[in-house]
Amino acid sequence: MNNPARTAPAVPVACLALGDSYTIGEGADEADRWPVQLAGMAQQAGLGVQAPDFIARTGWTTAELQAAIVASGNHRTDYGLVSLLIGVNNQYRGQSPALYRTEFRQLLATAVQFAGGRPGRVVVLSIPDWGLSPFAHNRDATLIASQIDEFNEVAQEECRRARVAFVDITPTTRSAAGDASQFVKDGLHYAGPQMQRWAQQALPVVQRLLK
């Protein structure tokens, strides 16, 4: 009797998360980080996604993230999914959208390289609007929102040019205004429930990319 053919198990998808404090979930538990939550959701959806590697740190701008990538010595090109969320510190420090465009474009190319030259395996999340956080209660929320929108417009344009998926979570972050439970103790960074919503928004995009 012939044994039925066995289906080879799928190779687990290696993931890499690039960014700043919003990627590492400053002030929140590691399990609450949105890339970790996203990986868990993808696993529950039947995708063989591994827990992500991280190259991210609080305070990094686009240039600092790029320098850290070089310094990391990570030369892998076999990641099946690469995420990028970066730019709030460029805005916070008063850097220009033009500079952001140049450096963000370079980071997109780096992310695609990590994904083996496949732009269809890279997903970018928009910059959260920290101007509506408790930390920013004495700041000009209208100005911050306008600047964040400008930076996000640049990111979306560059993603479109590079054929990279872009997920707009900024309206979701704005909906957290006035709800202290959506923030960690510092009043600036987001808590697990808010980052869960980002992961939920990104999940259908990731499902499409990995199908």
# chains A, B, ... in the order shown; residues from 1 in each chain; ligands from 1
call {"tool": "select_by_dssp", "arguments": {"residues": "region 111-186 of chain A", "states": "helix (DSSP H, G or I)", "output": "PyMOL selection string"}}
result
chain A and resi 111-114+119-121+130-132+134-136+141-162+170-174+180-182
call {"tool": "atom_distance", "arguments": {"atom1": "CA of Gly19 (chain A)", "atom2": "CA of Ala136 (chain A)"}}
result
21.5 Å
call {"tool": "residues_around", "arguments": {"residues": "Gln37 (chain A)", "least_positions_apart": "2", "cutoff": "9 Å", "atoms": "only C-alpha atoms", "output": "MDAnalysis selection string"}}
result
chainID A and resid 31:35 39:42 192 195:196 199:200
call {"tool": "write_last_selection", "arguments": {"atoms": "all heavy atoms", "output": "CSV table (one decimal), in the first residue's frame"}}
result
chain,number,residue,atom,x,y,z
A,31,ALA,N,5.3,42.1,25.2
A,31,ALA,CA,4.3,41.4,24.5
A,31,ALA,C,3.2,42.4,23.9
A,31,ALA,O,2.5,42.0,23.0
A,31,ALA,CB,3.6,40.5,25.5
A,32,ASP,N,3.2,43.6,24.4
A,32,ASP,CA,2.3,44.6,23.9
A,32,ASP,C,2.8,45.4,22.6
A,32,ASP,O,2.0,46.1,22.0
A,32,ASP,CB,1.9,45.6,24.9
A,32,ASP,CG,1.0,45.1,26.0
A,32,ASP,OD1,0.3,44.1,25.7
A,32,ASP,OD2,1.1,45.5,27.2
A,33,ARG,N,4.0,45.2,22.3
A,33,ARG,CA,4.6,45.9,21.1
A,33,ARG,C,3.7,45.5,19.9
A,33,ARG,O,3.4,44.3,19.7
A,33,ARG,CB,6.0,45.5,20.8
A,33,ARG,CG,7.0,45.9,21.9
A,33,ARG,CD,8.3,45.3,21.7
A,33,ARG,NE,9.3,45.8,22.6
A,33,ARG,CZ,10.6,45.4,22.7
A,33,ARG,NH1,11.0,44.5,21.8
A,33,ARG,NH2,11.4,45.9,23.6
A,34,TRP,N,3.4,46.5,19.1
A,34,TRP,CA,2.5,46.2,17.9
A,34,TRP,C,3.1,45.1,17.0
A,34,TRP,O,2.3,44.3,16.5
A,34,TRP,CB,2.0,47.4,17.2
A,34,TRP,CG,3.1,48.1,16.4
A,34,TRP,CD1,3.9,49.1,16.7
A,34,TRP,CD2,3.4,47.7,15.0
A,34,TRP,NE1,4.7,49.4,15.6
A,34,TRP,CE2,4.4,48.6,14.6
A,34,TRP,CE3,2.9,46.8,14.1
A,34,TRP,CZ2,5.0,48.5,13.3
A,34,TRP,CZ3,3.5,46.7,12.9
A,34,TRP,CH2,4.5,47.6,12.5
A,35,PRO,N,4.4,45.1,16.7
A,35,PRO,CA,4.9,44.0,15.8
A,35,PRO,C,4.7,42.6,16.4
A,35,PRO,O,4.5,41.7,15.7
A,35,PRO,CB,6.3,44.4,15.6
A,35,PRO,CG,6.4,45.9,15.9
A,35,PRO,CD,5.5,46.1,17.0
A,39,ALA,N,2.4,39.7,14.9
A,39,ALA,CA,2.9,38.3,14.6
A,39,ALA,C,1.9,37.3,15.2
A,39,ALA,O,1.6,36.3,14.6
A,39,ALA,CB,4.3,38.2,15.1
A,40,GLY,N,1.5,37.6,16.5
A,40,GLY,CA,0.6,36.7,17.1
A,40,GLY,C,-0.8,36.6,16.4
A,40,GLY,O,-1.3,35.5,16.2
A,41,MET,N,-1.3,37.7,15.9
A,41,MET,CA,-2.5,37.7,15.1
A,41,MET,C,-2.3,36.9,13.8
A,41,MET,O,-3.2,36.1,13.4
A,41,MET,CB,-3.0,39.1,14.8
A,41,MET,CG,-3.4,39.9,16.0
A,41,MET,SD,-3.8,41.6,15.5
A,41,MET,CE,-4.1,42.3,17.1
A,42,ALA,N,-1.2,37.1,13.2
A,42,ALA,CA,-0.9,36.4,11.9
A,42,ALA,C,-0.8,34.9,12.2
A,42,ALA,O,-1.3,34.1,11.4
A,42,ALA,CB,0.4,36.9,11.3
A,192,GLY,N,-0.8,48.9,25.3
A,192,GLY,CA,-1.1,47.7,24.5
A,192,GLY,C,-2.4,47.8,23.8
A,192,GLY,O,-2.5,47.4,22.6
A,195,MET,N,-2.0,49.9,20.6
A,195,MET,CA,-1.1,49.2,19.7
A,195,MET,C,-1.8,48.0,19.1
A,195,MET,O,-1.5,47.6,17.9
A,195,MET,CB,0.3,48.9,20.3
A,195,MET,CG,1.1,50.1,20.5
A,195,MET,SD,2.8,49.7,21.0
A,195,MET,CE,2.5,49.2,22.7
A,196,GLN,N,-2.7,47.4,19.8
A,196,GLN,CA,-3.4,46.2,19.3
A,196,GLN,C,-4.3,46.7,18.1
A,196,GLN,O,-4.4,45.9,17.1
A,196,GLN,CB,-4.3,45.7,20.4
A,196,GLN,CG,-5.2,44.5,19.9
A,196,GLN,CD,-6.1,44.0,21.0
A,196,GLN,OE1,-6.9,44.8,21.5
A,196,GLN,NE2,-6.0,42.7,21.3
A,199,ALA,N,-2.1,46.8,15.1
A,199,ALA,CA,-1.8,45.5,14.5
A,199,ALA,C,-3.0,45.0,13.8
A,199,ALA,O,-2.9,44.3,12.7
A,199,ALA,CB,-1.4,44.6,15.7
A,200,GLN,N,-4.2,45.3,14.3
A,200,GLN,CA,-5.4,44.8,13.7
A,200,GLN,C,-5.6,45.5,12.3
A,200,GLN,O,-6.1,44.8,11.3
A,200,GLN,CB,-6.6,45.1,14.5
A,200,GLN,CG,-6.8,44.2,15.8
A,200,GLN,CD,-7.8,44.7,16.8
A,200,GLN,OE1,-8.2,45.9,16.8
A,200,GLN,NE2,-8.3,43.8,17.6
call {"tool": "closest_residue", "arguments": {"among": "A:Val70, A:Ala176, A:Val205, A:Ala63", "to": "Pro134 (chain A)", "atoms": "only C-alpha atoms"}}
result
A:Ala176
call {"tool": "closest_residue", "arguments": {"among": "A:Ala17, A:Leu38, A:Leu99, A:Ile24", "to": "Ile69 (chain A)", "atoms": "only C-alpha atoms"}}
result
A:Ala17
call {"tool": "atom_distance", "arguments": {"atom1": "CA of Val164 (chain A)", "atom2": "CA of Asp129 (chain A)"}}
result
21.8 Å
call {"tool": "closest_residue", "arguments": {"among": "A:Gln194, A:Gln113, A:Ser83, A:Gln95", "to": "Phe166 (chain A)", "atoms": "only C-alpha atoms"}}
result
A:Ser83
call {"tool": "residues_around", "arguments": {"residues": "region 137-146 of chain A", "least_positions_apart": "4", "cutoff": "10 Å", "atoms": "only C-alpha atoms", "output": "list in words"}}
result
Gln91, Tyr92, Pro128, Asp129, Trp130, Gly131, Leu132, Ser133, Glu150, Phe151, Asn152, Thr170, Arg174 and Gly187 of chain A
call {"tool": "write_last_selection", "arguments": {"atoms": "C-alpha atoms", "output": "JSON list (two decimals), in the first residue's frame"}}
result
[["chain", "number", "residue", "atom", "x", "y", "z"],
["A", 91, "GLN", "CA", 9.10, 66.08, 13.18],
["A", 92, "TYR", "CA", 9.71, 66.62, 16.90],
["A", 128, "PRO", "CA", 1.17, 58.51, 15.27],
["A", 129, "ASP", "CA", -0.08, 61.97, 16.24],
["A", 130, "TRP", "CA", 1.52, 62.58, 19.63],
["A", 131, "GLY", "CA", 0.00, 66.07, 19.74],
["A", 132, "LEU", "CA", -3.16, 64.60, 21.23],
["A", 133, "SER", "CA", -1.35, 62.69, 23.97],
["A", 150, "GLU", "CA", 2.86, 66.44, 5.99],
["A", 151, "PHE", "CA", 5.41, 63.83, 7.01],
["A", 152, "ASN", "CA", 2.89, 61.04, 6.48],
["A", 170, "THR", "CA", -2.77, 58.11, 12.42],
["A", 174, "ARG", "CA", -6.04, 60.52, 17.28],
["A", 187, "GLY", "CA", 1.59, 60.05, 28.76]]
call {"tool": "atom_distance", "arguments": {"atom1": "CA of Ala111 (chain A)", "atom2": "CA of Pro193 (chain A)"}}
result
27.0 Å
call {"tool": "select_by_dssp", "arguments": {"residues": "region 77-132 of chain A", "states": "strand (DSSP E)", "output": "ChimeraX atom specification"}}
result
/A:81-85,122-125
call {"tool": "write_last_selection", "arguments": {"atoms": "C-alpha atoms", "output": "short mmCIF file (atom, residue, chain, number, x, y, z; two decimals), in the first residue's frame"}}
result
data_model
loop_
_atom_site.label_atom_id
_atom_site.label_comp_id
_atom_site.auth_asym_id
_atom_site.auth_seq_id
_atom_site.Cartn_x
_atom_site.Cartn_y
_atom_site.Cartn_z
CA LEU A 81 8.13 40.44 6.33
CA VAL A 82 9.74 43.78 7.23
CA SER A 83 7.86 46.58 8.98
CA LEU A 84 8.87 50.22 9.26
CA LEU A 85 7.47 53.01 11.43
CA VAL A 122 7.49 45.38 3.35
CA VAL A 123 4.78 47.24 5.26
CA VAL A 124 5.00 50.82 6.55
CA LEU A 125 2.83 52.28 9.30
#
call {"tool": "residues_around", "arguments": {"residues": "Asp53 (chain A)", "least_positions_apart": "2", "cutoff": "9 Å", "atoms": "only C-alpha atoms", "output": "list in words"}}
result
Ala14, Cys15, Leu16, Ala17, Leu18, Gln50, Ala51 and Ile55 of chain A
call {"tool": "write_last_selection", "arguments": {"atoms": "C-alpha atoms", "output": "PDB file, in the first residue's frame"}}
result
ATOM      1  CA  ALA A  14      11.137  35.562   9.552  1.00  0.00           C
ATOM      2  CA  CYS A  15      10.098  39.101  10.511  1.00  0.00           C
ATOM      3  CA  LEU A  16      12.013  42.310  11.177  1.00  0.00           C
ATOM      4  CA  ALA A  17      10.609  45.456  12.806  1.00  0.00           C
ATOM      5  CA  LEU A  18      12.416  48.748  12.139  1.00  0.00           C
ATOM      6  CA  GLN A  50       7.938  34.066  13.612  1.00  0.00           C
ATOM      7  CA  ALA A  51       8.309  36.539  16.462  1.00  0.00           C
ATOM      8  CA  ILE A  55      16.199  47.289  15.158  1.00  0.00           C
TER       9      ILE A  55
END
call {"tool": "residues_around", "arguments": {"residues": "region 115-119 of chain A", "least_positions_apart": "5", "cutoff": "6 Å", "atoms": "only C-alpha atoms", "output": "list in words"}}
result
Thr77, Asp78, Tyr79, Gly80 and Val164 of chain A
call {"tool": "closest_residue", "arguments": {"among": "A:Arg105, A:Arg121, A:Arg93, A:Arg197", "to": "Ala165 (chain A)", "atoms": "only C-alpha atoms"}}
result
A:Arg121
call {"tool": "decode", "arguments": {"residues": "region 155-167 of chain A", "atoms": "all heavy atoms", "output": "tab-separated table (two decimals), in the first residue's frame"}}
result
chain	number	residue	atom	x	y	z
A	155	ALA	N	5.74	60.01	3.37
A	155	ALA	CA	5.94	58.57	3.51
A	155	ALA	C	5.03	57.79	2.56
A	155	ALA	O	5.47	56.83	1.90
A	155	ALA	CB	5.69	58.14	4.95
A	156	GLN	N	3.78	58.21	2.47
A	156	GLN	CA	2.85	57.50	1.59
A	156	GLN	C	3.26	57.63	0.13
A	156	GLN	O	3.19	56.66	-0.64
A	156	GLN	CB	1.44	58.02	1.80
A	156	GLN	CG	0.37	57.20	1.07
A	156	GLN	CD	-1.02	57.54	1.54
A	156	GLN	OE1	-1.27	58.58	2.12
A	156	GLN	NE2	-1.96	56.63	1.30
A	157	GLU	N	3.71	58.81	-0.26
A	157	GLU	CA	4.16	59.01	-1.64
A	157	GLU	C	5.37	58.13	-1.95
A	157	GLU	O	5.45	57.52	-3.02
A	157	GLU	CB	4.53	60.48	-1.85
A	157	GLU	CG	3.34	61.42	-1.90
A	157	GLU	CD	3.76	62.88	-1.92
A	157	GLU	OE1	4.97	63.16	-1.83
A	157	GLU	OE2	2.87	63.74	-2.02
A	158	GLU	N	6.31	58.05	-1.01
A	158	GLU	CA	7.50	57.24	-1.24
A	158	GLU	C	7.17	55.75	-1.25
A	158	GLU	O	7.76	54.98	-2.01
A	158	GLU	CB	8.56	57.55	-0.19
A	158	GLU	CG	9.18	58.94	-0.34
A	158	GLU	CD	9.82	59.15	-1.71
A	158	GLU	OE1	10.51	58.24	-2.21
A	158	GLU	OE2	9.59	60.23	-2.29
A	159	CYS	N	6.22	55.35	-0.42
A	159	CYS	CA	5.78	53.95	-0.44
A	159	CYS	C	5.13	53.61	-1.77
A	159	CYS	O	5.37	52.53	-2.34
A	159	CYS	CB	4.82	53.68	0.72
A	159	CYS	SG	5.60	53.56	2.33
A	160	ARG	N	4.32	54.52	-2.27
A	160	ARG	CA	3.66	54.29	-3.56
A	160	ARG	C	4.71	54.16	-4.66
A	160	ARG	O	4.62	53.27	-5.52
A	160	ARG	CB	2.71	55.44	-3.86
A	160	ARG	CG	1.83	55.21	-5.07
A	160	ARG	CD	0.88	56.37	-5.30
A	160	ARG	NE	0.01	56.60	-4.16
A	160	ARG	CZ	0.04	57.70	-3.40
A	160	ARG	NH1	0.91	58.67	-3.68
A	160	ARG	NH2	-0.78	57.84	-2.40
A	161	ARG	N	5.72	55.01	-4.60
A	161	ARG	CA	6.78	54.96	-5.61
A	161	ARG	C	7.56	53.66	-5.54
A	161	ARG	O	7.95	53.10	-6.57
A	161	ARG	CB	7.73	56.16	-5.40
A	161	ARG	CG	8.80	56.32	-6.48
A	161	ARG	CD	9.80	57.40	-6.09
A	161	ARG	NE	10.57	56.98	-4.93
A	161	ARG	CZ	11.65	56.20	-5.00
A	161	ARG	NH1	12.08	55.75	-6.17
A	161	ARG	NH2	12.30	55.85	-3.91
A	162	ALA	N	7.77	53.18	-4.33
A	162	ALA	CA	8.56	51.96	-4.13
A	162	ALA	C	7.71	50.70	-4.17
A	162	ALA	O	8.25	49.60	-4.00
A	162	ALA	CB	9.30	52.05	-2.79
A	163	ARG	N	6.39	50.85	-4.36
A	163	ARG	CA	5.46	49.72	-4.38
A	163	ARG	C	5.45	48.96	-3.06
A	163	ARG	O	5.43	47.74	-3.01
A	163	ARG	CB	5.78	48.78	-5.56
A	163	ARG	CG	5.57	49.42	-6.92
A	163	ARG	CD	5.93	48.52	-8.07
A	163	ARG	NE	7.37	48.29	-8.13
A	163	ARG	CZ	7.95	47.12	-7.92
A	163	ARG	NH1	7.22	46.05	-7.63
A	163	ARG	NH2	9.25	46.99	-8.01
A	164	VAL	N	5.45	49.74	-1.97
A	164	VAL	CA	5.42	49.21	-0.61
A	164	VAL	C	4.08	49.54	0.02
A	164	VAL	O	3.55	50.65	-0.14
A	164	VAL	CB	6.58	49.80	0.22
A	164	VAL	CG1	6.38	49.56	1.71
A	164	VAL	CG2	7.91	49.23	-0.24
A	165	ALA	N	3.53	48.60	0.78
A	165	ALA	CA	2.24	48.80	1.43
A	165	ALA	C	2.34	49.83	2.54
A	165	ALA	O	3.32	49.86	3.30
A	165	ALA	CB	1.73	47.47	2.01
A	166	PHE	N	1.32	50.69	2.64
A	166	PHE	CA	1.27	51.76	3.64
A	166	PHE	C	-0.03	51.64	4.41
A	166	PHE	O	-1.11	51.59	3.82
A	166	PHE	CB	1.36	53.12	2.94
A	166	PHE	CG	1.35	54.31	3.86
A	166	PHE	CD1	2.52	54.77	4.44
A	166	PHE	CD2	0.16	54.98	4.13
A	166	PHE	CE1	2.51	55.88	5.28
A	166	PHE	CE2	0.15	56.08	4.97
A	166	PHE	CZ	1.32	56.53	5.55
A	167	VAL	N	0.07	51.62	5.74
A	167	VAL	CA	-1.11	51.50	6.61
A	167	VAL	C	-1.24	52.78	7.42
A	167	VAL	O	-0.34	53.14	8.18
A	167	VAL	CB	-0.99	50.28	7.54
A	167	VAL	CG1	-2.22	50.18	8.44
A	167	VAL	CG2	-0.80	49.00	6.75
